[in-house]
Amino acid sequence: MKNLFYIAFAVLLTSCFEPDEVLPTQKVNEITVRLNTSTNQTTYVNLSNLLNNNIGVQTQWQLKFQHAENAWAIYINPLAKAGIHNTTNTDFKAINSSYETSKITWQVDIPTASGTYPAIGAWGDYSFSNPESYKDVFIMTWEETGTYYFYKFQLLDATDSAYHIRYGALNDSVGQTKWIVKNQNYAHSYFSLKDDALFTRLEPNKEDWNICFTYISDSTKRHPNLPHIPTANAFFGLFQTLNINQDLNKIYLDTSARFNEIDYFYARDLPYTRIDQLLSPFFKWDFVGQQAFTEKEIVLIVKNKEKYFALQPTSVTSQGLESLEFKIRVKQL
């Protein structure tokens with residue numbers, strides 16, 4: 001009887017404790033990302049299904065319009081050697097081909113701690129429910145198949161869901177107007193001044209990508225240990241970057257834990273940051289050999305809603321900055 005009591009007590013005691021949660025074995029996949037400045041300028045990656053899509057790489061565009069709610073940034077195409085100049089003149093007709101463009105110091109988009117600051121700057125007063133444009137006329141230059149173009153454009157006004165612009169060649173006194181409608185399913189739309197063409201699907205739906213490999217402009221003085229390609233501004237260069245879909249993702253750069261040791265329980269307590277881009281996080285540069293080499297000590301952990309992903313480069317090959325190929329191992333935690 002006494003033995004039966006001890007057995008019953010042991011069973012009862014055991015049932016009071018739940019076993020530790022055990023995660024299934026994490027599958028490690030490898031993806032290859034190819035990037036170059038001519039035919040493969042942008043690669044979007046969906047970490048949930050590990051599709052990477054090179055979208056819009058053949059398309060010539062100059063202006064990129066932000067779609068986020070209560071946000072009104074207008075960016076330029078860094079791969080077109082594009083630059084912006086604010087004439088501070090509001091008379092569209094007065095800006096013509098006699099304007100002295102050879103002495104302009106062209107402005108380019110620059111990354112900051114709070115996100116990319118556009119070359120065009122603040123084009124209006126955003127304190128109103130609908131931004132009130134200052135109506136300054138901007139001149140834009142860019143290079144296309146060896147030819148440099150000069151166009152002018154002006155923000156006429158905007159609503160909470162669209163931009164209204166006027167644009168034309170420098171000698172066009174009237175110009176054309178167009179409404180650029182915001183679509184909350186996409187981060188941006190793209191516009192070609194020369195071709196009068198609006199592109200609304202040059203990037204995936206923002207639900208369908210986490211990170212994006214591409215190029216940005218930044219100060220060459222700030223990054224002396226990284227290679228760059230010249231831009232329209234002598235003090236800024238074109239660098240390889242990793243863009244983050246910050247509407248839906250946060251990141252943590254880990255240099256202490258080994259890739260194989262990182263799991264869900266480790267990742268869920270990390271101090272994640274919402275940021276829009278990282279400059280060349282997956283490689284360092286050998287200036288003697290003019291080659292990239294892998295930054296193997298670093299692991300990028302991405303938090304997407306309630307999902308966690310760990311990424312680490314395993315190799316990188318390059319032909320200068322103009323052509324890069326990354327092999328990256330990825331696992332969902």
# chains A, B, ... in the order shown; residues from 1 in each chain; ligands from 1
call {"tool": "residues_around", "arguments": {"residues": "Ser129 (chain A)", "least_positions_apart": "3", "cutoff": "10 Å", "atoms": "only C-alpha atoms", "output": "list in words"}}
result
Asn70, Asp125, Tyr126, Glu132, Ala158, Thr159 and Asp160 of chain A
call {"tool": "select_by_dssp", "arguments": {"residues": "region 39-219 of chain A", "states": "strand (DSSP E or B)", "output": "MDAnalysis selection string"}}
result
chainID A and resid 43:46 51:53 63:66 74:76 83:86 107 110:112 115:117 124:125 132:133 137:144 147:159 162:169 176:181 188:192 197:199 211:219
call {"tool": "closest_residue", "arguments": {"among": "A:Thr37, A:Thr141, A:Gln184, A:Asn49", "to": "Ser161 (chain A)", "atoms": "only C-alpha atoms"}}
result
A:Gln184
call {"tool": "closest_residue", "arguments": {"among": "A:Asn210, A:Gln176, A:Asn86, A:Asn130", "to": "Leu51 (chain A)", "atoms": "only C-alpha atoms"}}
result
A:Asn210
call {"tool": "residues_around", "arguments": {"residues": "region 98-100 of chain A", "least_positions_apart": "4", "cutoff": "9 Å", "atoms": "only C-alpha atoms", "output": "list in words"}}
result
Ile104, Leu170 and Asn171 of chain A
call {"tool": "residues_around", "arguments": {"residues": "region 275-288 of chain A", "least_positions_apart": "6", "cutoff": "8 Å", "atoms": "only C-alpha atoms", "output": "CSV table (one decimal) with all heavy atoms, in the first residue's frame"}}
result
chain,number,residue,atom,x,y,z
A,114,SER,N,17.9,59.1,-39.2
A,114,SER,CA,16.4,59.0,-39.3
A,114,SER,C,15.8,58.6,-40.6
A,114,SER,O,14.6,58.7,-40.9
A,114,SER,CB,15.8,60.4,-38.8
A,114,SER,OG,16.2,61.4,-39.7
A,115,GLY,N,16.7,58.2,-41.5
A,115,GLY,CA,16.3,57.8,-42.9
A,115,GLY,C,16.9,58.6,-43.9
A,115,GLY,O,17.7,59.6,-43.7
A,116,THR,N,16.7,58.3,-45.2
A,116,THR,CA,17.3,59.0,-46.3
A,116,THR,C,16.7,60.4,-46.5
A,116,THR,O,15.5,60.5,-46.5
A,116,THR,CB,17.1,58.2,-47.6
A,116,THR,OG1,17.7,56.9,-47.5
A,116,THR,CG2,17.8,58.9,-48.8
A,225,ASN,N,36.9,53.5,-46.2
A,225,ASN,CA,37.3,52.1,-46.3
A,225,ASN,C,36.3,51.3,-47.2
A,225,ASN,O,36.4,50.0,-47.3
A,225,ASN,CB,37.3,51.4,-44.9
A,225,ASN,CG,38.4,52.1,-44.0
A,225,ASN,OD1,39.4,52.4,-44.5
A,225,ASN,ND2,38.0,52.3,-42.8
A,226,LEU,N,35.5,52.0,-47.9
A,226,LEU,CA,34.6,51.3,-48.9
A,226,LEU,C,34.7,51.9,-50.3
A,226,LEU,O,35.0,53.1,-50.4
A,226,LEU,CB,33.1,51.4,-48.4
A,226,LEU,CG,32.7,50.6,-47.2
A,226,LEU,CD1,31.3,51.0,-46.8
A,226,LEU,CD2,32.7,49.1,-47.5
A,227,PRO,N,34.6,51.0,-51.3
A,227,PRO,CA,34.7,51.5,-52.7
A,227,PRO,C,33.5,52.3,-53.0
A,227,PRO,O,32.4,52.1,-52.5
A,227,PRO,CB,34.9,50.3,-53.5
A,227,PRO,CG,34.1,49.2,-52.7
A,227,PRO,CD,34.4,49.6,-51.3
A,239,PHE,N,27.4,53.7,-53.3
A,239,PHE,CA,27.8,52.6,-52.5
A,239,PHE,C,26.8,51.5,-52.6
A,239,PHE,O,25.6,51.7,-52.7
A,239,PHE,CB,28.0,53.0,-51.0
A,239,PHE,CG,29.1,54.0,-50.8
A,239,PHE,CD1,28.8,55.3,-50.9
A,239,PHE,CD2,30.3,53.6,-50.4
A,239,PHE,CE1,29.8,56.3,-50.6
A,239,PHE,CE2,31.3,54.5,-50.1
A,239,PHE,CZ,31.1,55.9,-50.3
A,240,GLN,N,27.2,50.2,-52.3
A,240,GLN,CA,26.3,49.1,-52.2
A,240,GLN,C,25.6,49.2,-50.9
A,240,GLN,O,26.2,49.5,-49.9
A,240,GLN,CB,27.0,47.8,-52.4
A,240,GLN,CG,26.0,46.6,-52.6
A,240,GLN,CD,25.6,46.0,-51.2
A,240,GLN,OE1,26.4,45.9,-50.3
A,240,GLN,NE2,24.3,45.7,-51.1
A,241,THR,N,24.3,48.9,-50.8
A,241,THR,CA,23.5,49.0,-49.6
A,241,THR,C,22.5,47.9,-49.5
A,241,THR,O,22.1,47.2,-50.5
A,241,THR,CB,22.8,50.3,-49.5
A,241,THR,OG1,22.3,50.5,-48.2
A,241,THR,CG2,21.7,50.4,-50.5
A,242,LEU,N,22.1,47.6,-48.2
A,242,LEU,CA,21.0,46.7,-48.0
A,242,LEU,C,19.8,47.6,-47.4
A,242,LEU,O,19.9,48.2,-46.4
A,242,LEU,CB,21.4,45.7,-46.9
A,242,LEU,CG,20.3,44.6,-46.6
A,242,LEU,CD1,20.2,43.6,-47.8
A,242,LEU,CD2,20.7,43.8,-45.4
A,243,ASN,N,18.7,47.6,-48.2
A,243,ASN,CA,17.6,48.4,-47.7
A,243,ASN,C,16.6,47.5,-47.0
A,243,ASN,O,16.5,46.3,-47.3
A,243,ASN,CB,16.8,49.0,-48.9
A,243,ASN,CG,17.6,50.2,-49.5
A,243,ASN,OD1,18.7,50.6,-49.0
A,243,ASN,ND2,17.0,50.7,-50.6
A,244,ILE,N,16.0,48.0,-45.9
A,244,ILE,CA,15.1,47.3,-45.1
A,244,ILE,C,13.7,47.8,-45.3
A,244,ILE,O,13.4,49.0,-45.3
A,244,ILE,CB,15.4,47.4,-43.6
A,244,ILE,CG1,17.0,47.2,-43.4
A,244,ILE,CG2,14.6,46.4,-42.8
A,244,ILE,CD1,17.5,45.9,-43.7
A,245,ASN,N,12.7,46.9,-45.5
A,245,ASN,CA,11.3,47.2,-45.5
A,245,ASN,C,10.9,47.6,-44.1
A,245,ASN,O,10.3,46.7,-43.4
A,245,ASN,CB,10.5,46.1,-46.1
A,245,ASN,CG,9.0,46.4,-46.3
A,245,ASN,OD1,8.6,47.4,-45.8
A,245,ASN,ND2,8.3,45.5,-46.9
A,246,GLN,N,11.1,48.8,-43.7
A,246,GLN,CA,10.9,49.2,-42.3
A,246,GLN,C,9.5,49.3,-41.9
A,246,GLN,O,9.2,49.5,-40.7
A,246,GLN,CB,11.7,50.4,-42.0
A,246,GLN,CG,11.3,51.7,-42.7
A,246,GLN,CD,12.1,52.9,-42.2
A,246,GLN,OE1,12.6,52.9,-41.1
A,246,GLN,NE2,12.2,53.9,-43.1
A,250,LYS,N,12.0,44.9,-38.5
A,250,LYS,CA,13.1,45.5,-37.6
A,250,LYS,C,14.3,44.6,-37.7
A,250,LYS,O,14.2,43.4,-38.1
A,250,LYS,CB,12.6,45.7,-36.2
A,250,LYS,CG,11.5,46.6,-36.0
A,250,LYS,CD,11.1,46.7,-34.5
A,250,LYS,CE,9.9,47.6,-34.2
A,250,LYS,NZ,9.6,47.7,-32.8
A,251,ILE,N,15.5,45.1,-37.4
A,251,ILE,CA,16.7,44.3,-37.5
A,251,ILE,C,17.6,44.5,-36.3
A,251,ILE,O,17.5,45.4,-35.5
A,251,ILE,CB,17.5,44.8,-38.7
A,251,ILE,CG1,18.0,46.2,-38.6
A,251,ILE,CG2,16.7,44.6,-40.0
A,251,ILE,CD1,19.1,46.6,-39.5
A,294,THR,N,34.2,38.5,-47.4
A,294,THR,CA,33.0,38.3,-46.6
A,294,THR,C,33.2,38.8,-45.2
A,294,THR,O,34.2,38.5,-44.6
A,294,THR,CB,32.6,36.8,-46.6
A,294,THR,OG1,32.5,36.3,-47.9
A,294,THR,CG2,31.3,36.6,-45.9
A,295,GLU,N,32.2,39.4,-44.7
A,295,GLU,CA,32.1,39.8,-43.3
A,295,GLU,C,31.4,38.7,-42.5
A,295,GLU,O,30.3,38.7,-42.2
A,295,GLU,CB,31.3,41.1,-43.1
A,295,GLU,CG,31.2,41.7,-41.7
A,295,GLU,CD,32.4,42.1,-41.1
A,295,GLU,OE1,33.3,41.2,-40.8
A,295,GLU,OE2,32.6,43.3,-40.8
A,296,LYS,N,32.2,37.6,-42.2
A,296,LYS,CA,31.6,36.4,-41.6
A,296,LYS,C,31.3,36.5,-40.2
A,296,LYS,O,30.6,35.7,-39.6
A,296,LYS,CB,32.6,35.2,-41.9
A,296,LYS,CG,32.7,34.8,-43.3
A,296,LYS,CD,33.5,33.5,-43.5
A,296,LYS,CE,33.5,33.1,-44.9
A,296,LYS,NZ,34.3,31.9,-45.2
A,298,ILE,N,29.5,38.7,-38.8
A,298,ILE,CA,28.2,39.4,-38.5
A,298,ILE,C,27.0,38.5,-38.9
A,298,ILE,O,27.1,37.7,-39.9
A,298,ILE,CB,28.2,40.7,-39.3
A,298,ILE,CG1,27.1,41.6,-38.8
A,298,ILE,CG2,27.9,40.4,-40.8
A,298,ILE,CD1,27.3,43.1,-39.3
A,312,GLN,N,23.5,35.1,-42.7
A,312,GLN,CA,24.9,35.3,-42.7
A,312,GLN,C,25.5,35.0,-44.0
A,312,GLN,O,25.2,34.0,-44.7
A,312,GLN,CB,25.5,34.4,-41.6
A,312,GLN,CG,27.0,34.6,-41.4
A,312,GLN,CD,27.6,33.7,-40.3
A,312,GLN,OE1,27.5,32.5,-40.4
A,312,GLN,NE2,28.2,34.3,-39.3
A,313,PRO,N,26.4,35.9,-44.5
A,313,PRO,CA,27.1,35.7,-45.8
A,313,PRO,C,28.1,34.5,-45.7
A,313,PRO,O,28.8,34.4,-44.6
A,313,PRO,CB,27.8,37.0,-46.0
A,313,PRO,CG,28.1,37.6,-44.7
A,313,PRO,CD,26.9,37.2,-43.9
A,316,VAL,N,31.4,36.1,-51.1
A,316,VAL,CA,31.1,37.2,-51.9
A,316,VAL,C,32.2,37.3,-53.0
A,316,VAL,O,33.4,37.1,-52.7
A,316,VAL,CB,31.0,38.6,-51.2
A,316,VAL,CG1,32.3,38.9,-50.4
A,316,VAL,CG2,30.7,39.7,-52.1
call {"tool": "atom_distance", "arguments": {"atom1": "CA of Lys194 (chain A)", "atom2": "CA of Trp61 (chain A)"}}
result
8.6 Å
call {"tool": "residues_around", "arguments": {"residues": "region 258-265 of chain A", "least_positions_apart": "5", "cutoff": "7 Å", "atoms": "only C-alpha atoms", "output": "tab-separated table (two decimals) with C-alpha atoms, in the first residue's frame"}}
result
chain	number	residue	atom	x	y	z
A	299	VAL	CA	24.70	37.88	-38.43
A	308	TYR	CA	12.45	35.86	-36.94
A	333	LEU	CA	13.97	30.80	-36.23
call {"tool": "residues_around", "arguments": {"residues": "Lys64 (chain A)", "least_positions_apart": "2", "cutoff": "7 Å", "atoms": "only C-alpha atoms", "output": "PyMOL selection string"}}
result
chain A and resi 62+66+74-76+188-191
call {"tool": "write_last_selection", "arguments": {"atoms": "C-alpha atoms", "output": "compact mmCIF listing (two decimals), in the first residue's frame"}}
result
# COMPACT_ATOMS: atom_id res chain seq x y z
CA GLN A 62 14.48 59.87 -62.31
CA GLN A 66 7.07 58.01 -51.20
CA ILE A 74 10.72 62.54 -53.28
CA TYR A 75 13.97 60.74 -54.09
CA ILE A 76 16.19 60.56 -57.19
CA HIS A 188 7.01 54.01 -53.84
CA SER A 189 6.09 54.86 -57.40
CA TYR A 190 8.63 55.94 -60.03
CA PHE A 191 8.50 58.58 -62.74
call {"tool": "closest_residue", "arguments": {"among": "A:Ile95, A:Ala122, A:Cys212, A:Val28", "to": "Asp172 (chain A)", "atoms": "only C-alpha atoms"}}
result
A:Ile95
call {"tool": "select_by_dssp", "arguments": {"residues": "region 129-314 of chain A", "states": "helix (DSSP H, G or I)", "output": "JSON, numbers by chain"}}
result
{"A": [206, 207, 208, 259, 260, 261, 264, 265, 266, 267]}
call {"tool": "residues_around", "arguments": {"residues": "Gln332 (chain A)", "least_positions_apart": "4", "cutoff": "7 Å", "atoms": "only C-alpha atoms", "output": "PyMOL selection string"}}
result
chain A and resi 26+308-310
call {"tool": "write_last_selection", "arguments": {"atoms": "N, CA and C atoms", "output": "PDB file, in the first residue's frame"}}
result
ATOM      1  N   GLN A  26      15.941  23.598 -37.231  1.00  0.00           N
ATOM      2  CA  GLN A  26      15.843  24.728 -38.139  1.00  0.00           C
ATOM      3  C   GLN A  26      16.537  24.399 -39.460  1.00  0.00           C
ATOM      4  N   TYR A 308      11.054  35.472 -37.077  1.00  0.00           N
ATOM      5  CA  TYR A 308      12.452  35.863 -36.938  1.00  0.00           C
ATOM      6  C   TYR A 308      13.291  35.096 -37.955  1.00  0.00           C
ATOM      7  N   PHE A 309      14.237  35.806 -38.570  1.00  0.00           N
ATOM      8  CA  PHE A 309      15.124  35.196 -39.554  1.00  0.00           C
ATOM      9  C   PHE A 309      16.568  35.584 -39.233  1.00  0.00           C
ATOM     10  N   ALA A 310      17.481  34.648 -39.438  1.00  0.00           N
ATOM     11  CA  ALA A 310      18.914  34.919 -39.276  1.00  0.00           C
ATOM     12  C   ALA A 310      19.597  34.752 -40.624  1.00  0.00           C
TER      13      ALA A 310
END
call {"tool": "atom_distance", "arguments": {"atom1": "CA of Glu325 (chain A)", "atom2": "CA of Lys305 (chain A)"}}
result
28.8 Å
call {"tool": "decode", "arguments": {"residues": "region 82-93 of chain A", "atoms": "N, CA and C atoms", "output": "PDB file, in the first residue's frame"}}
result
ATOM      1  N   ALA A  82      22.114  61.071 -61.169  1.00  0.00           N
ATOM      2  CA  ALA A  82      21.149  62.155 -61.108  1.00  0.00           C
ATOM      3  C   ALA A  82      21.522  63.165 -60.026  1.00  0.00           C
ATOM      4  N   GLY A  83      21.133  64.415 -60.241  1.00  0.00           N
ATOM      5  CA  GLY A  83      21.345  65.484 -59.276  1.00  0.00           C
ATOM      6  C   GLY A  83      20.219  66.492 -59.348  1.00  0.00           C
ATOM      7  N   ILE A  84      20.000  67.212 -58.234  1.00  0.00           N
ATOM      8  CA  ILE A  84      18.907  68.185 -58.115  1.00  0.00           C
ATOM      9  C   ILE A  84      19.473  69.554 -57.745  1.00  0.00           C
ATOM     10  N   HIS A  85      18.859  70.600 -58.304  1.00  0.00           N
ATOM     11  CA  HIS A  85      19.208  71.976 -57.937  1.00  0.00           C
ATOM     12  C   HIS A  85      17.923  72.769 -57.750  1.00  0.00           C
ATOM     13  N   ASN A  86      17.808  73.461 -56.611  1.00  0.00           N
ATOM     14  CA  ASN A  86      16.651  74.306 -56.339  1.00  0.00           C
ATOM     15  C   ASN A  86      16.965  75.719 -56.825  1.00  0.00           C
ATOM     16  N   THR A  87      16.233  76.180 -57.825  1.00  0.00           N
ATOM     17  CA  THR A  87      16.477  77.523 -58.361  1.00  0.00           C
ATOM     18  C   THR A  87      15.945  78.605 -57.428  1.00  0.00           C
ATOM     19  N   THR A  88      15.060  78.230 -56.496  1.00  0.00           N
ATOM     20  CA  THR A  88      14.335  79.141 -55.579  1.00  0.00           C
ATOM     21  C   THR A  88      13.454  80.144 -56.337  1.00  0.00           C
ATOM     22  N   ASN A  89      13.260  79.902 -57.619  1.00  0.00           N
ATOM     23  CA  ASN A  89      12.372  80.728 -58.445  1.00  0.00           C
ATOM     24  C   ASN A  89      11.056  79.973 -58.619  1.00  0.00           C
ATOM     25  N   THR A  90       9.936  80.644 -58.450  1.00  0.00           N
ATOM     26  CA  THR A  90       8.642  79.979 -58.576  1.00  0.00           C
ATOM     27  C   THR A  90       7.998  80.166 -59.950  1.00  0.00           C
ATOM     28  N   ASP A  91       8.691  80.875 -60.841  1.00  0.00           N
ATOM     29  CA  ASP A  91       8.167  81.119 -62.191  1.00  0.00           C
ATOM     30  C   ASP A  91       8.692  80.026 -63.122  1.00  0.00           C
ATOM     31  N   PHE A  92       7.818  79.073 -63.459  1.00  0.00           N
ATOM     32  CA  PHE A  92       8.219  77.933 -64.276  1.00  0.00           C
ATOM     33  C   PHE A  92       8.789  78.389 -65.618  1.00  0.00           C
ATOM     34  N   LYS A  93       8.184  79.379 -66.226  1.00  0.00           N
ATOM     35  CA  LYS A  93       8.594  79.863 -67.549  1.00  0.00           C
ATOM     36  C   LYS A  93       9.971  80.526 -67.500  1.00  0.00           C
TER      37      LYS A  93
END
